[in-house]
>>> print(open('work-v8.txt').read())   # compact mmCIF, C-alpha atoms and all ligand atoms
# COMPACT_ATOMS: atom_id res chain seq x y z
CA MET K 14 23.15 -15.17 -0.71
CA GLN K 15 23.86 -14.50 -4.37
CA PHE K 16 22.83 -11.53 -6.49
CA GLN K 17 23.59 -12.62 -10.03
CA LEU K 18 21.77 -11.07 -12.99
CA ASP K 19 20.09 -13.71 -15.14
CA ASP K 20 20.47 -13.74 -18.95
CA TRP K 21 17.37 -11.61 -19.50
CA GLN K 22 18.45 -8.99 -16.94
CA GLU K 23 21.97 -8.85 -18.34
CA THR K 24 20.69 -8.45 -21.91
CA ALA K 25 18.30 -5.67 -20.84
CA ARG K 26 21.11 -3.93 -18.94
CA ARG K 27 23.50 -4.07 -21.90
CA SER K 28 20.95 -2.89 -24.42
CA PHE K 29 19.92 0.04 -22.19
CA ARG K 30 23.56 0.98 -21.61
CA ARG K 31 24.29 0.86 -25.35
CA TYR K 32 21.45 3.32 -25.91
CA LEU K 33 22.65 5.59 -23.06
CA ASP K 34 26.26 5.64 -24.29
CA ALA K 35 25.29 6.29 -27.90
CA GLU K 36 22.38 8.72 -27.59
CA VAL K 37 22.32 10.22 -24.10
CA ALA K 38 25.93 10.56 -22.85
CA PRO K 39 26.91 13.05 -25.62
CA MET K 40 24.22 15.55 -24.54
CA VAL K 41 24.75 15.45 -20.76
CA GLU K 42 27.37 18.17 -20.24
CA GLU K 43 25.61 20.64 -22.54
CA HIS K 44 22.25 20.20 -20.76
CA GLU K 45 23.87 20.37 -17.32
CA ASP K 46 25.77 23.57 -18.20
CA ALA K 47 22.60 25.19 -19.57
CA HIS K 48 20.38 23.95 -16.67
CA ARG K 49 18.21 22.45 -19.43
CA PRO K 50 16.05 19.35 -18.71
CA PRO K 51 16.38 16.25 -20.93
CA PRO K 52 14.57 16.43 -24.30
CA PRO K 53 11.10 14.82 -24.68
CA GLU K 54 12.36 12.04 -26.97
CA VAL K 55 14.81 10.86 -24.29
CA LEU K 56 12.01 10.79 -21.70
CA ARG K 57 9.85 8.73 -24.05
CA LYS K 58 12.75 6.32 -24.58
CA MET K 59 12.95 5.92 -20.77
CA GLY K 60 9.33 4.78 -20.97
CA GLU K 61 10.16 2.27 -23.72
CA PHE K 62 13.02 0.80 -21.67
CA GLY K 63 10.70 0.30 -18.66
CA LEU K 64 12.19 3.02 -16.43
CA LEU K 65 8.72 4.55 -16.10
CA GLY K 66 6.22 2.09 -14.73
CA GLY K 67 8.40 -0.93 -15.45
CA LEU K 68 7.47 -2.28 -12.01
CA LEU K 69 3.75 -2.28 -12.86
CA PRO K 70 2.13 -5.46 -14.18
CA GLU K 71 1.92 -5.72 -17.98
CA ALA K 72 -1.88 -5.50 -17.78
CA GLU K 73 -1.46 -1.94 -16.44
CA GLY K 74 0.95 -0.87 -19.16
CA GLY K 75 4.07 -1.77 -17.18
CA ALA K 76 6.77 -4.34 -17.89
CA GLY K 77 6.22 -6.54 -14.81
CA LEU K 78 9.84 -6.08 -13.70
CA ASP K 79 11.00 -7.07 -10.23
CA TYR K 80 12.90 -4.50 -8.12
CA LEU K 81 16.33 -6.00 -8.86
CA SER K 82 15.79 -5.79 -12.65
CA TYR K 83 14.36 -2.28 -12.45
CA CYS K 84 17.09 -0.99 -10.12
CA THR K 85 19.79 -2.48 -12.34
CA LEU K 86 18.57 -0.14 -15.09
CA LEU K 87 18.44 2.80 -12.65
CA CYS K 88 22.05 2.09 -11.70
CA GLU K 89 23.12 2.25 -15.38
CA LEU K 90 21.23 5.52 -15.83
CA SER K 91 22.88 7.00 -12.72
CA GLN K 92 26.30 6.31 -14.21
CA VAL K 93 25.44 8.39 -17.26
CA TRP K 94 23.00 11.14 -16.18
CA PRO K 95 21.94 11.46 -12.50
CA SER K 96 19.60 14.39 -13.27
CA LEU K 97 17.63 12.24 -15.71
CA ARG K 98 17.57 9.47 -13.10
CA SER K 99 16.00 11.89 -10.63
CA ILE K 100 13.24 12.95 -13.05
CA VAL K 101 12.58 9.31 -13.94
CA SER K 102 12.55 8.11 -10.32
CA THR K 103 10.19 10.85 -9.14
CA SER K 104 7.79 10.31 -12.03
CA ASN K 105 7.95 6.59 -11.43
CA LEU K 106 7.15 7.01 -7.72
CA VAL K 107 4.12 9.16 -8.54
CA LEU K 108 2.81 6.79 -11.19
CA MET K 109 3.16 3.88 -8.77
CA ILE K 110 1.10 5.80 -6.19
CA ILE K 111 -1.61 6.48 -8.79
CA ALA K 112 -1.50 2.89 -10.06
CA GLN K 113 -1.67 1.29 -6.63
CA ARG K 114 -3.86 3.78 -4.71
CA GLY K 115 -5.88 5.49 -7.45
CA THR K 116 -9.37 4.66 -8.70
CA PRO K 117 -9.82 3.06 -12.16
CA GLU K 118 -10.78 6.53 -13.50
CA GLN K 119 -7.66 8.14 -12.03
CA ARG K 120 -5.47 5.40 -13.47
CA GLN K 121 -7.14 5.79 -16.85
CA ARG K 122 -6.64 9.56 -16.79
CA TRP K 123 -3.00 9.93 -15.70
CA LEU K 124 -1.11 6.64 -16.02
CA GLY K 125 -0.75 6.33 -19.79
CA ASP K 126 1.09 9.64 -20.23
CA LEU K 127 3.38 9.00 -17.24
CA VAL K 128 4.28 5.43 -18.24
CA SER K 129 5.09 6.49 -21.81
CA GLY K 130 7.19 9.48 -20.66
CA ARG K 131 4.94 11.96 -22.50
CA LYS K 132 4.45 13.61 -19.10
CA THR K 133 6.58 13.78 -15.95
CA ALA K 134 5.64 14.25 -12.30
CA PHE K 135 6.84 15.60 -8.92
CA PHE K 136 6.39 14.27 -5.37
CA ALA K 137 5.76 17.16 -2.96
CA LEU K 138 6.08 16.43 0.75
CA THR K 139 8.81 18.77 2.13
CA GLU K 140 7.92 22.35 3.16
CA PRO K 141 9.85 25.37 4.48
CA ASN K 142 9.04 24.38 8.11
CA VAL K 143 8.68 20.65 7.54
CA GLY K 144 11.70 18.53 6.57
CA SER K 145 12.83 15.58 8.64
CA ASP K 146 9.63 15.76 10.70
CA ALA K 147 7.54 15.10 7.61
CA SER K 148 4.36 14.10 9.47
CA ASN K 149 3.83 17.77 10.43
CA VAL K 150 2.83 19.08 6.99
CA GLU K 151 1.31 22.57 7.16
CA THR K 152 -0.07 22.81 3.62
CA ARG K 153 -3.81 22.79 4.12
CA ALA K 154 -6.62 21.16 2.12
CA ARG K 155 -10.13 22.33 3.05
CA ARG K 156 -13.37 21.01 1.66
CA GLN K 157 -14.97 23.31 -0.89
CA GLY K 158 -18.33 22.03 -2.08
CA GLU K 159 -17.69 18.58 -3.57
CA GLY K 160 -13.98 19.29 -3.98
CA TRP K 161 -11.01 20.84 -2.18
CA ARG K 162 -9.17 24.14 -1.75
CA LEU K 163 -5.41 23.89 -1.31
CA ASN K 164 -3.13 26.48 0.35
CA GLY K 165 0.55 26.21 1.30
CA ARG K 166 4.14 25.95 0.15
CA LYS K 167 6.43 23.07 -0.77
CA LEU K 168 10.21 23.34 -0.95
CA TYR K 169 13.11 21.42 -2.55
CA ILE K 170 10.81 19.50 -4.89
CA SER K 171 12.70 17.61 -7.60
CA ASN K 172 11.30 18.24 -11.08
CA GLY K 173 8.78 20.62 -9.43
CA PRO K 174 9.09 23.49 -11.92
CA GLY K 175 9.26 21.25 -15.02
CA ALA K 176 6.65 18.57 -14.39
CA ASP K 177 3.17 18.28 -15.87
CA LEU K 178 1.58 17.12 -12.61
CA GLY K 179 2.45 15.89 -9.16
CA VAL K 180 1.24 14.41 -5.91
CA VAL K 181 0.97 16.99 -3.10
CA PHE K 182 0.66 16.01 0.57
CA ALA K 183 -1.60 18.31 2.62
CA ARG K 184 -3.29 18.36 6.02
CA SER K 185 -7.05 17.87 5.87
CA GLY K 186 -9.89 17.48 8.35
CA GLU K 187 -10.24 19.05 11.79
CA GLY K 188 -9.47 17.91 15.35
CA GLU K 189 -9.59 14.14 15.79
CA ALA K 190 -10.27 13.62 12.08
CA ALA K 191 -7.20 15.65 10.98
CA GLY K 192 -4.70 13.74 8.87
CA VAL K 193 -2.52 13.99 5.78
CA SER K 194 -4.13 13.48 2.37
CA ALA K 195 -2.60 13.21 -1.11
CA PHE K 196 -3.84 15.20 -4.12
CA VAL K 197 -2.92 15.29 -7.78
CA VAL K 198 -2.20 18.86 -8.91
CA GLU K 199 -1.66 19.59 -12.60
CA ALA K 200 0.60 22.35 -13.97
CA GLY K 201 -1.45 25.31 -15.13
CA THR K 202 -4.10 24.92 -12.40
CA PRO K 203 -5.05 28.47 -11.30
CA GLY K 204 -3.35 29.42 -8.02
CA PHE K 205 -0.50 26.91 -8.48
CA SER K 206 2.94 28.30 -9.33
CA ALA K 207 6.52 27.03 -9.22
CA ARG K 208 9.92 28.71 -9.15
CA GLU K 209 13.33 27.14 -9.55
CA VAL K 210 15.67 27.06 -6.56
CA ARG K 211 19.27 27.08 -7.82
CA SER K 212 21.36 24.31 -6.24
CA MET K 213 24.94 22.99 -6.38
CA GLY K 214 24.33 20.08 -8.76
CA MET K 215 21.80 18.03 -10.72
CA ASN K 216 21.34 21.09 -12.92
CA ALA K 217 19.13 19.40 -15.52
CA CYS K 218 16.55 18.33 -12.92
CA PRO K 219 14.99 21.59 -11.72
CA LEU K 220 14.60 21.80 -7.95
CA GLY K 221 11.60 23.87 -6.99
CA GLU K 222 9.53 25.84 -4.57
CA LEU K 223 5.82 25.28 -5.18
CA LEU K 224 3.12 27.74 -4.12
CA PHE K 225 -0.56 26.85 -3.70
CA GLU K 226 -2.85 29.86 -3.32
CA ASP K 227 -6.53 28.92 -3.12
CA VAL K 228 -6.05 26.11 -5.62
CA SER K 229 -9.45 24.53 -6.36
CA LEU K 230 -9.32 20.79 -6.94
CA PRO K 231 -12.20 18.50 -7.96
CA ALA K 232 -13.05 15.69 -5.52
CA ASP K 233 -11.51 13.08 -7.83
CA HIS K 234 -8.02 14.58 -7.38
CA LEU K 235 -7.79 13.02 -3.90
CA ILE K 236 -5.65 9.85 -4.12
CA GLY K 237 -6.55 7.03 -1.76
CA THR K 238 -8.48 7.62 1.45
CA GLU K 239 -8.68 11.02 3.14
CA GLY K 240 -6.28 11.35 6.09
CA GLU K 241 -4.23 8.24 5.30
CA ALA K 242 -1.61 9.60 2.94
CA PHE K 243 1.25 9.75 5.43
CA ALA K 244 1.30 5.95 5.37
CA ILE K 245 1.44 6.16 1.55
CA ALA K 246 4.33 8.64 1.74
CA LYS K 247 6.23 6.43 4.20
CA HIS K 248 5.80 3.34 2.05
CA TYR K 249 6.99 5.03 -1.14
CA LEU K 250 9.86 6.85 0.59
CA ASN K 251 11.06 3.42 1.60
CA VAL K 252 11.01 2.26 -2.01
CA GLY K 253 12.67 5.59 -2.92
CA ARG K 254 15.52 4.78 -0.53
CA CYS K 255 16.19 1.56 -2.42
CA PHE K 256 16.27 3.58 -5.68
CA VAL K 257 18.70 6.07 -4.07
CA SER K 258 20.98 3.24 -2.96
CA PHE K 259 21.30 2.11 -6.61
CA THR K 260 21.81 5.71 -7.73
CA CYS K 261 24.69 6.00 -5.27
CA LEU K 262 26.09 2.70 -6.53
CA GLY K 263 25.93 4.02 -10.11
CA LEU K 264 27.71 7.26 -9.22
CA SER K 265 30.35 5.32 -7.26
CA ILE K 266 30.99 3.04 -10.23
CA ALA K 267 31.29 6.00 -12.62
CA ALA K 268 33.69 7.86 -10.31
CA TYR K 269 35.78 4.75 -9.63
CA GLU K 270 36.11 3.95 -13.34
CA ALA K 271 37.09 7.57 -14.11
CA ALA K 272 39.79 7.40 -11.42
CA LEU K 273 41.07 4.08 -12.79
CA ARG K 274 41.37 5.57 -16.30
CA TYR K 275 43.17 8.67 -15.08
CA ALA K 276 45.55 6.79 -12.79
CA GLY K 277 46.50 4.55 -15.73
CA GLU K 278 47.30 7.52 -18.01
CA ARG K 279 48.66 10.41 -15.95
CA GLU K 280 52.44 10.43 -15.44
CA GLN K 281 54.49 12.12 -12.71
CA PHE K 282 58.06 11.41 -11.58
CA GLY K 283 58.52 9.55 -14.88
CA ARG K 284 55.83 6.92 -14.22
CA LYS K 285 52.06 6.41 -14.18
CA ILE K 286 50.53 7.79 -10.98
CA GLY K 287 48.66 4.45 -10.68
CA GLY K 288 52.06 2.96 -9.79
CA PHE K 289 52.32 4.96 -6.55
CA GLN K 290 51.22 3.08 -3.44
CA LEU K 291 49.15 5.94 -2.01
CA VAL K 292 47.18 6.19 -5.25
CA GLN K 293 46.72 2.42 -5.22
CA GLN K 294 45.33 2.70 -1.70
CA MET K 295 42.73 5.19 -2.95
CA ILE K 296 41.85 2.82 -5.80
CA ALA K 297 41.49 -0.12 -3.38
CA ASP K 298 39.28 1.93 -1.03
CA MET K 299 37.00 2.97 -3.91
CA MET K 300 36.81 -0.56 -5.28
CA THR K 301 35.79 -1.93 -1.87
CA GLY K 302 33.23 0.87 -1.45
CA VAL K 303 31.64 -0.03 -4.78
CA GLU K 304 31.32 -3.68 -3.77
CA THR K 305 29.87 -3.05 -0.29
CA SER K 306 27.39 -0.65 -1.89
CA ARG K 307 26.43 -3.24 -4.50
CA LEU K 308 25.73 -5.86 -1.84
CA LEU K 309 23.56 -3.57 0.29
CA ALA K 310 21.64 -2.18 -2.71
CA CYS K 311 20.91 -5.69 -4.03
CA ARG K 312 19.96 -6.81 -0.53
CA ALA K 313 17.40 -3.94 -0.35
CA ALA K 314 15.92 -4.75 -3.79
CA ASP K 315 15.75 -8.43 -2.89
CA ALA K 316 13.95 -7.62 0.41
CA LEU K 317 11.38 -5.54 -1.53
CA ASP K 318 10.94 -8.32 -4.09
CA ARG K 319 10.31 -10.88 -1.36
CA GLY K 320 8.17 -8.53 0.74
CA ALA K 321 10.57 -9.42 3.56
CA PRO K 322 9.60 -8.22 7.05
CA ASP K 323 12.92 -6.34 7.35
CA ARG K 324 12.59 -4.49 4.02
CA SER K 325 12.41 -1.00 5.62
CA ARG K 326 15.59 -1.71 7.53
CA ALA K 327 17.32 -3.02 4.39
CA CYS K 328 16.31 0.09 2.40
CA SER K 329 17.36 2.54 5.17
CA MET K 330 20.67 0.79 5.66
CA ALA K 331 21.45 0.70 1.94
CA LYS K 332 20.45 4.37 1.49
CA ARG K 333 22.55 5.52 4.43
CA HIS K 334 25.63 3.44 3.69
CA ASN K 335 25.63 3.93 -0.06
CA SER K 336 25.16 7.70 0.00
CA ASP K 337 27.92 8.15 2.61
CA MET K 338 30.12 5.82 0.56
CA ALA K 339 29.32 7.45 -2.80
CA LEU K 340 30.28 10.82 -1.33
CA ARG K 341 33.61 9.35 -0.23
CA VAL K 342 34.21 7.53 -3.54
CA CYS K 343 33.42 10.63 -5.64
CA GLU K 344 35.64 12.77 -3.41
CA THR K 345 38.49 10.25 -3.67
CA ALA K 346 38.10 10.02 -7.46
CA LEU K 347 38.45 13.81 -7.61
CA GLN K 348 41.60 13.59 -5.48
CA VAL K 349 43.11 10.99 -7.83
CA HIS K 350 42.68 13.54 -10.64
CA GLY K 351 44.61 16.25 -8.74
CA GLY K 352 43.95 19.75 -10.13
CA ALA K 353 42.26 18.29 -13.21
CA GLY K 354 39.53 16.88 -10.95
CA TYR K 355 38.55 20.37 -9.87
CA THR K 356 37.92 21.51 -13.46
CA ARG K 357 34.98 21.11 -15.80
CA ASP K 358 37.27 19.19 -18.21
CA PHE K 359 36.72 15.91 -16.34
CA PRO K 360 33.41 14.38 -15.21
CA VAL K 361 34.46 13.76 -11.57
CA GLU K 362 33.72 17.39 -10.69
CA ARG K 363 30.07 16.86 -11.71
CA TYR K 364 29.83 13.49 -9.95
CA TYR K 365 31.00 15.21 -6.75
CA ARG K 366 28.33 17.94 -7.05
CA ASP K 367 25.58 15.55 -8.16
CA VAL K 368 26.17 13.03 -5.38
CA ARG K 369 26.14 15.59 -2.56
CA HIS K 370 22.37 15.78 -2.05
CA LEU K 371 21.92 12.04 -1.62
CA THR K 372 22.82 12.01 2.10
CA ILE K 373 19.96 14.54 2.54
CA ALA K 374 17.12 13.65 0.14
CA GLU K 375 14.66 10.77 0.87
CA GLY K 376 15.28 11.29 4.60
CA THR K 377 18.67 12.50 5.88
CA ASN K 378 21.28 9.95 6.91
CA GLN K 379 20.91 11.11 10.52
CA LEU K 380 17.21 10.19 10.35
CA GLN K 381 18.08 6.80 8.80
CA ALA K 382 20.45 6.17 11.74
CA LEU K 383 17.66 6.98 14.20
CA LEU K 384 15.22 4.66 12.39
CA LEU K 385 17.75 1.82 12.30
CA ALA K 386 18.65 2.19 15.98
CA GLN K 387 14.98 2.43 16.93
CA GLY K 388 14.37 -0.87 15.14
CA ALA K 389 17.21 -2.51 17.04
CA LEU K 390 16.55 -1.01 20.49
CA GLY K 391 12.81 -0.53 20.43
CA ILE K 392 13.43 3.03 21.71
CA SER K 393 12.59 6.07 19.59
CA ALA K 394 14.92 9.06 19.75
CA LEU K 395 12.28 11.15 17.96
CA ARG K 396 9.21 10.96 20.15
CA GLY K 397 9.08 9.78 23.74
C1 LIG I 401 18.33 17.82 -4.15
C2 LIG I 401 17.16 17.55 -3.27
C3 LIG I 401 16.00 17.00 -3.82
C4 LIG I 401 14.87 16.83 -3.02
N1 LIG I 401 13.72 16.34 -3.59
C5 LIG I 401 12.58 16.27 -2.85
C6 LIG I 401 11.34 15.89 -3.46
O1 LIG I 401 11.29 15.61 -4.66
N2 LIG I 401 10.22 15.88 -2.70
C7 LIG I 401 10.24 16.20 -1.36
O2 LIG I 401 9.18 16.18 -0.73
N3 LIG I 401 11.40 16.57 -0.74
C8 LIG I 401 12.58 16.61 -1.46
N4 LIG I 401 13.76 17.01 -0.87
C9 LIG I 401 13.74 17.42 0.52
C10 LIG I 401 14.42 16.45 1.46
O3 LIG I 401 13.64 15.30 1.64
C11 LIG I 401 14.66 17.22 2.77
O4 LIG I 401 15.65 18.20 2.50
C12 LIG I 401 15.12 16.30 3.90
O5 LIG I 401 14.08 15.45 4.31
C13 LIG I 401 15.63 17.10 5.12
O6 LIG I 401 14.75 18.11 5.49
P1 LIG I 401 15.32 19.58 5.72
O7 LIG I 401 16.09 19.97 4.50
O8 LIG I 401 14.19 20.45 6.11
O9 LIG I 401 16.36 19.45 6.88
P2 LIG I 401 16.03 19.47 8.46
O10 LIG I 401 14.96 18.49 8.79
O11 LIG I 401 15.83 20.88 8.88
O12 LIG I 401 17.40 18.93 9.04
C14 LIG I 401 18.58 19.76 9.17
C15 LIG I 401 19.66 18.91 9.83
O13 LIG I 401 19.22 18.49 11.14
C16 LIG I 401 19.26 17.07 11.24
N5 LIG I 401 18.16 16.61 12.07
C17 LIG I 401 16.83 16.96 11.98
N6 LIG I 401 16.12 16.33 12.91
C18 LIG I 401 16.98 15.56 13.60
C19 LIG I 401 16.85 14.65 14.69
N7 LIG I 401 15.69 14.38 15.28
N8 LIG I 401 17.98 14.03 15.16
C20 LIG I 401 19.18 14.26 14.55
N9 LIG I 401 19.36 15.10 13.53
C21 LIG I 401 18.28 15.74 13.06
C22 LIG I 401 19.16 16.56 9.81
O14 LIG I 401 19.69 15.26 9.66
C23 LIG I 401 19.98 17.63 9.06
O15 LIG I 401 21.32 17.32 9.16
C24 LIG I 401 14.91 17.16 -1.65
C25 LIG I 401 16.10 17.68 -1.09
C26 LIG I 401 17.21 17.87 -1.87
C27 LIG I 401 18.45 18.46 -1.26
>>> encode(input="work-v8.txt", output="structure tokens")
Amino acid sequence: MQFQLDDWQETARRSFRRYLDAEVAPMVEEHEDAHRPPPPEVLRKMGEFGLLGGLLPEAEGGAGLDYLSYCTLLCELSQVWPSLRSIVSTSNLVLMIIAQRGTPEQRQRWLGDLVSGRKTAFFALTEPNVGSDASNVETRARRQGEGWRLNGRKLYISNGPGADLGVVFARSGEGEAAGVSAFVVEAGTPGFSAREVRSMGMNACPLGELLFEDVSLPADHLIGTEGEAFAIAKHYLNVGRCFVSFTCLGLSIAAYEAALRYAGEREQFGRKIGGFQLVQQMIADMMTGVETSRLLACRAADALDRGAPDRSRACSMAKRHNSDMALRVCETALQVHGGAGYTRDFPVERYYRDVRHLTIAEGTNQLQALLLAQGALGISALRG
């Protein structure tokens, strides 16, 4: 099996990276320090480069990219600004849900702004009492005339406080007919509020708690069929795990390259620290971690592109391995820097904070282990 970028993919990657290095990299630290989201012109540029809706067919305003091409761009973005990657990925997930499950009117109404980056979105599944057991959502949607009334709380929602709209998963129906449904909620809708939850990293992508108090929604804000949204959430979380595996690869590459640079410059005992065998061991471990992560991430993207029967397994495995590995690589890169790695003067400190959430988000690594073992054994550890 070979995962080689073709000429077109390589040209797209290089041109995107040139833009990121020239225009985006210089603003990252300032925005992260100020907890300030990326400026609108950068979000619009993400749209132009295909990071928003690039997977959609050209007829729907997308770029018709396959997963490998799209994820290659995500990996570059993750090396430069993980917070921007998170905003882009979440918006992209929401626009794919609207594009693939929405009516023509819903697509017409929301897609254009999301694909161009004029607007961004959040994906709200997790709640204070509902994390790993995501099928148990407590947020409630009740019929109100032709439309819906929404009540509940969502927690740890990426881009929640900053986005223009989002998809919210809520329980609807009674008794036998009860199920999870998905609704579009726009910022500014009466009864909907958001507050930022301060976290250890990813400062420029606000993490939020969302409150829905008697939020009235028109009937045409329901996405897809009533009661069937948990299947939608599961499908897109799977795709999200592939995106996370490339994000982890990007952070691992950035940390590894920073460690290489430092080890080649810093001197102790009259020689470069890169000449010491124990530092070389750390470099070799990081290098190997980057390559195993690359293989598993590409394997997951390839499985999605082929619609392979084992694509869920490939995405879970890549997400679990690559986030564990990225944590180790970023930690090792910090160690190579010694005391300097613990300061704000070098980027490895931020990589270490930014990478930490990736073993938790999109389904914890413990849950991925249970899903993988269930697939192999045919026995679920979750429900008898
Ligand atoms: C930075 C960040 C961004 C996020 N963005 C979003 C977002 O945009 N949208 C969204 O909907 N959610 C988002 N989340 C939420 C994320 O998906 C949840 O945090 C995650 O699913 C875990 O849920 P929990 O935090 O409630 O942990 P819990 O489910 O309470 O788990 C706590 C611990 O128990 C373990 N555990 C739980 N059940 C089992 C079990 N059966 N067997 C073994 N171990 C178990 C877990 O692995 C974990 O270690 C985000 C989280 C973070 C940190």
>>> closest_atom_pairs(input="work-v8.txt", of="chain K", to="ligand LIG 401 (chain I)", cutoff="6 Å", atoms="all atoms listed in the file", output="JSON lines")
{"residue": "K:Phe136", "atom": "CA", "partner": "I:LIG401", "partner_atom": "N2", "distance": 4.9}
{"residue": "K:Ala137", "atom": "CA", "partner": "I:LIG401", "partner_atom": "O2", "distance": 4.2}
{"residue": "K:Leu138", "atom": "CA", "partner": "I:LIG401", "partner_atom": "O2", "distance": 3.4}
{"residue": "K:Thr139", "atom": "CA", "partner": "I:LIG401", "partner_atom": "O2", "distance": 3.9}
{"residue": "K:Val143", "atom": "CA", "partner": "I:LIG401", "partner_atom": "O8", "distance": 5.7}
{"residue": "K:Gly144", "atom": "CA", "partner": "I:LIG401", "partner_atom": "O8", "distance": 3.2}
{"residue": "K:Ser145", "atom": "CA", "partner": "I:LIG401", "partner_atom": "O10", "distance": 3.6}
{"residue": "K:Tyr169", "atom": "CA", "partner": "I:LIG401", "partner_atom": "C24", "distance": 4.7}
{"residue": "K:Ile170", "atom": "CA", "partner": "I:LIG401", "partner_atom": "C6", "distance": 3.9}
{"residue": "K:Ser171", "atom": "CA", "partner": "I:LIG401", "partner_atom": "O1", "distance": 3.8}
{"residue": "K:His370", "atom": "CA", "partner": "I:LIG401", "partner_atom": "C27", "distance": 4.8}
{"residue": "K:Ile373", "atom": "CA", "partner": "I:LIG401", "partner_atom": "C12", "distance": 5.3}
{"residue": "K:Ala374", "atom": "CA", "partner": "I:LIG401", "partner_atom": "C10", "distance": 4.1}
{"residue": "K:Glu375", "atom": "CA", "partner": "I:LIG401", "partner_atom": "O3", "distance": 4.7}
{"residue": "K:Gly376", "atom": "CA", "partner": "I:LIG401", "partner_atom": "O5", "distance": 4.3}
{"residue": "K:Thr377", "atom": "CA", "partner": "I:LIG401", "partner_atom": "O14", "distance": 4.8}
{"residue": "K:Gln379", "atom": "CA", "partner": "I:LIG401", "partner_atom": "O14", "distance": 4.4}
{"residue": "K:Leu380", "atom": "CA", "partner": "I:LIG401", "partner_atom": "O14", "distance": 5.7}
{"residue": "K:Leu395", "atom": "CA", "partner": "I:LIG401", "partner_atom": "N7", "distance": 5.4}
>>> residues_around(input="work-v8.txt", residues="Ala267 (chain K)", least_positions_apart="4", cutoff="7 Å", atoms="only C-alpha atoms", output="MDAnalysis selection string")
chainID K and resid 92 263 271
>>> closest_residue(input="work-v8.txt", among="K:Ala35, K:Met299, K:Ala112, K:Leu235", to="Pro70 (chain K)", atoms="only C-alpha atoms")
K:Ala112
>>> closest_residue(input="work-v8.txt", among="K:Met215, K:Ile236, K:Val101, K:Ala207", to="Cys84 (chain K)", atoms="all atoms listed in the file")
K:Val101
>>> atom_distance(input="work-v8.txt", atom1="CA of Phe225 (chain K)", atom2="CA of Gly165 (chain K)")
5.2 Å
>>> residues_around(input="work-v8.txt", residues="Arg312 (chain K)", least_positions_apart="2", cutoff="9 Å", atoms="only C-alpha atoms", output="tab-separated table (two decimals) with C-alpha atoms, keeping the file's coordinate frame")
chain	number	residue	atom	x	y	z
K	14	MET	CA	23.15	-15.17	-0.71
K	16	PHE	CA	22.83	-11.53	-6.49
K	307	ARG	CA	26.43	-3.24	-4.50
K	308	LEU	CA	25.73	-5.86	-1.84
K	309	LEU	CA	23.56	-3.57	0.29
K	310	ALA	CA	21.64	-2.18	-2.71
K	314	ALA	CA	15.92	-4.75	-3.79
K	315	ASP	CA	15.75	-8.43	-2.89
K	316	ALA	CA	13.95	-7.62	0.41
K	317	LEU	CA	11.38	-5.54	-1.53
K	324	ARG	CA	12.59	-4.49	4.02
K	327	ALA	CA	17.32	-3.02	4.39
K	328	CYS	CA	16.31	0.09	2.40
K	331	ALA	CA	21.45	0.70	1.94
>>> closest_residue(input="work-v8.txt", among="K:Arg363, K:Arg57, K:Arg49, K:Arg31", to="Asp126 (chain K)", atoms="only C-alpha atoms")
K:Arg57
>>> build_atoms(input="work-v8.txt", residues="region 266-272 of chain K", atoms="N, CA, C and O atoms", output="CSV table (one decimal), keeping the file's coordinate frame")
chain,number,residue,atom,x,y,z
K,266,ILE,N,30.4,3.8,-9.1
K,266,ILE,CA,31.0,3.0,-10.2
K,266,ILE,C,31.6,4.0,-11.2
K,266,ILE,O,32.7,3.9,-11.7
K,267,ALA,N,30.8,5.0,-11.6
K,267,ALA,CA,31.3,6.0,-12.6
K,267,ALA,C,32.5,6.7,-12.1
K,267,ALA,O,33.5,6.9,-12.9
K,268,ALA,N,32.5,7.1,-10.9
K,268,ALA,CA,33.7,7.9,-10.3
K,268,ALA,C,34.9,6.9,-10.2
K,268,ALA,O,36.0,7.3,-10.6
K,269,TYR,N,34.7,5.7,-9.8
K,269,TYR,CA,35.8,4.8,-9.6
K,269,TYR,C,36.4,4.5,-11.0
K,269,TYR,O,37.6,4.5,-11.2
K,270,GLU,N,35.6,4.3,-12.0
K,270,GLU,CA,36.1,4.0,-13.3
K,270,GLU,C,36.9,5.1,-13.9
K,270,GLU,O,37.9,5.0,-14.6
K,271,ALA,N,36.4,6.4,-13.6
K,271,ALA,CA,37.1,7.6,-14.1
K,271,ALA,C,38.5,7.7,-13.4
K,271,ALA,O,39.5,8.0,-14.1
K,272,ALA,N,38.5,7.3,-12.1
K,272,ALA,CA,39.8,7.4,-11.4
K,272,ALA,C,40.8,6.3,-11.9
K,272,ALA,O,42.0,6.6,-12.1
